[in-house]
Amino acid sequence: LSAEESYRDIKQYFLSNGMYNDASWASFKEKTMERLALKKKGDWNYLPSLLMDALCGYGEKPYRIILSALLTILTFSTVYASLNTVERSGDPSYMLRWYDYIYFSTITFTTVGYGDFVPRAQLICRLLSAVEAFSGVFVTGLFIFTLARKYSAR
């Protein structure tokens, strides 16, 4: 019996007895063991599993998604500032401050896009904004999935 199978059996036991927090723990451990087995075999499919672990703990750790979102926003705001990729709409001479970059990154990540700050016209500037917007939609969907999974009656 592998460790992965053992955790799967434990998870089923917890679920059948209504012990959902314990089942969540066992599910996380099951997926971790699955990833380690894939890595040991040299199977590259462990990389998406590693990403899911880091982003959301395989759907069992919603707080990781919040941290991922904050890290994404801070990373993109740093890139925007270092490459000078943002300008104030209607006033390109406006000198942006660090909090303007964080604000732009936040509204881009959440896909709100108020229009008071915009990416510069160069392709790379617009491409960075598009990548962040797509990341925001993906992470938001993942957050909703994780909350539903974590807090629904199984």
# chains A, B, ... in the order shown; residues from 1 in each chain; ligands from 1
>>> residues_around(residues="A:Thr146", least_positions_apart="5", cutoff="9 Å", atoms="only C-alpha atoms", output="list of chain:residue names")
A:Cys56, A:Tyr58, A:Gly59, A:Glu60, A:Lys61, A:Pro62, A:Ile65, A:Gly141, A:Tyr151
>>> residues_around(residues="stretch 6-10 of chain A", least_positions_apart="2", cutoff="10 Å", atoms="only C-alpha atoms", output="mmCIF file with N, CA and C atoms, in the first residue's frame")
data_model
loop_
_atom_site.group_PDB
_atom_site.id
_atom_site.type_symbol
_atom_site.label_atom_id
_atom_site.label_comp_id
_atom_site.auth_asym_id
_atom_site.auth_seq_id
_atom_site.Cartn_x
_atom_site.Cartn_y
_atom_site.Cartn_z
ATOM 1 N N LEU A 1 0.857 -1.190 0.000
ATOM 2 C CA LEU A 1 0.000 0.000 0.000
ATOM 3 C C LEU A 1 0.892 1.240 0.000
ATOM 4 N N SER A 2 0.705 2.116 -0.988
ATOM 5 C CA SER A 2 1.520 3.330 -1.071
ATOM 6 C C SER A 2 0.991 4.389 -0.087
ATOM 7 N N ALA A 3 1.842 5.380 0.169
ATOM 8 C CA ALA A 3 1.434 6.467 1.060
ATOM 9 C C ALA A 3 0.221 7.202 0.488
ATOM 10 N N GLU A 4 0.221 7.390 -0.835
ATOM 11 C CA GLU A 4 -0.904 8.059 -1.494
ATOM 12 C C GLU A 4 -2.210 7.298 -1.258
ATOM 13 N N GLN A 12 -11.259 8.965 2.959
ATOM 14 C CA GLN A 12 -12.586 8.357 2.839
ATOM 15 C C GLN A 12 -13.182 8.045 4.208
ATOM 16 N N TYR A 13 -12.358 7.573 5.117
ATOM 17 C CA TYR A 13 -12.823 7.301 6.481
ATOM 18 C C TYR A 13 -13.328 8.593 7.125
ATOM 19 N N PHE A 14 -12.530 9.653 7.029
ATOM 20 C CA PHE A 14 -12.927 10.934 7.627
ATOM 21 C C PHE A 14 -14.222 11.455 6.994
ATOM 22 N N LEU A 15 -14.317 11.368 5.673
ATOM 23 C CA LEU A 15 -15.529 11.843 4.992
ATOM 24 C C LEU A 15 -16.765 11.058 5.427
ATOM 25 N N SER A 16 -16.615 9.745 5.534
ATOM 26 C CA SER A 16 -17.771 8.922 5.906
ATOM 27 C C SER A 16 -18.211 9.161 7.342
ATOM 28 N N ASP A 22 -10.495 17.049 8.939
ATOM 29 C CA ASP A 22 -9.506 15.983 8.870
ATOM 30 C C ASP A 22 -9.417 15.410 7.455
ATOM 31 N N ALA A 23 -10.550 15.324 6.766
ATOM 32 C CA ALA A 23 -10.565 14.853 5.378
ATOM 33 C C ALA A 23 -9.798 15.821 4.483
ATOM 34 N N TRP A 25 -7.243 17.670 5.414
ATOM 35 C CA TRP A 25 -5.834 17.406 5.696
ATOM 36 C C TRP A 25 -5.356 16.165 4.932
ATOM 37 N N ALA A 26 -6.139 15.093 4.978
ATOM 38 C CA ALA A 26 -5.762 13.842 4.314
ATOM 39 C C ALA A 26 -5.743 14.018 2.794
ATOM 40 N N SER A 27 -6.661 14.810 2.255
ATOM 41 C CA SER A 27 -6.691 15.075 0.819
ATOM 42 C C SER A 27 -5.429 15.819 0.390
ATOM 43 N N PHE A 28 -5.033 16.806 1.178
ATOM 44 C CA PHE A 28 -3.805 17.555 0.891
ATOM 45 C C PHE A 28 -2.595 16.620 0.901
ATOM 46 N N LYS A 29 -2.521 15.761 1.909
ATOM 47 C CA LYS A 29 -1.391 14.821 2.002
ATOM 48 C C LYS A 29 -1.410 13.820 0.843
ATOM 49 N N GLU A 30 -2.599 13.376 0.447
ATOM 50 C CA GLU A 30 -2.730 12.447 -0.676
ATOM 51 C C GLU A 30 -2.151 13.065 -1.953
ATOM 52 N N LYS A 31 -2.534 14.315 -2.228
ATOM 53 C CA LYS A 31 -2.044 14.993 -3.426
ATOM 54 C C LYS A 31 -0.543 15.265 -3.348
ATOM 55 N N THR A 32 -0.053 15.544 -2.161
ATOM 56 C CA THR A 32 1.386 15.755 -1.988
ATOM 57 C C THR A 32 2.146 14.473 -2.302
ATOM 58 N N MET A 33 1.652 13.358 -1.799
ATOM 59 C CA MET A 33 2.307 12.066 -2.071
ATOM 60 C C MET A 33 2.227 11.712 -3.560
#
>>> residues_around(residues="A:Gly90", least_positions_apart="4", cutoff="12 Å", atoms="only C-alpha atoms", output="list in words")
Tyr94, Gly115, Asp116, Phe117, Val118 and Arg120 of chain A
>>> atom_distance(atom1="atom CA of A:Ser82", atom2="atom CA of A:Cys125")
11.7 Å
>>> atom_distance(atom1="atom CA of A:Thr72", atom2="atom CA of A:Tyr114")
19.4 Å
>>> atom_distance(atom1="atom CA of A:Asp53", atom2="atom CA of A:Ser152")
20.1 Å
>>> select_by_dssp(residues="stretch 63-128 of chain A", states="strand (DSSP E)", output="MDAnalysis selection string")
chainID A and resid 86:88 117:119
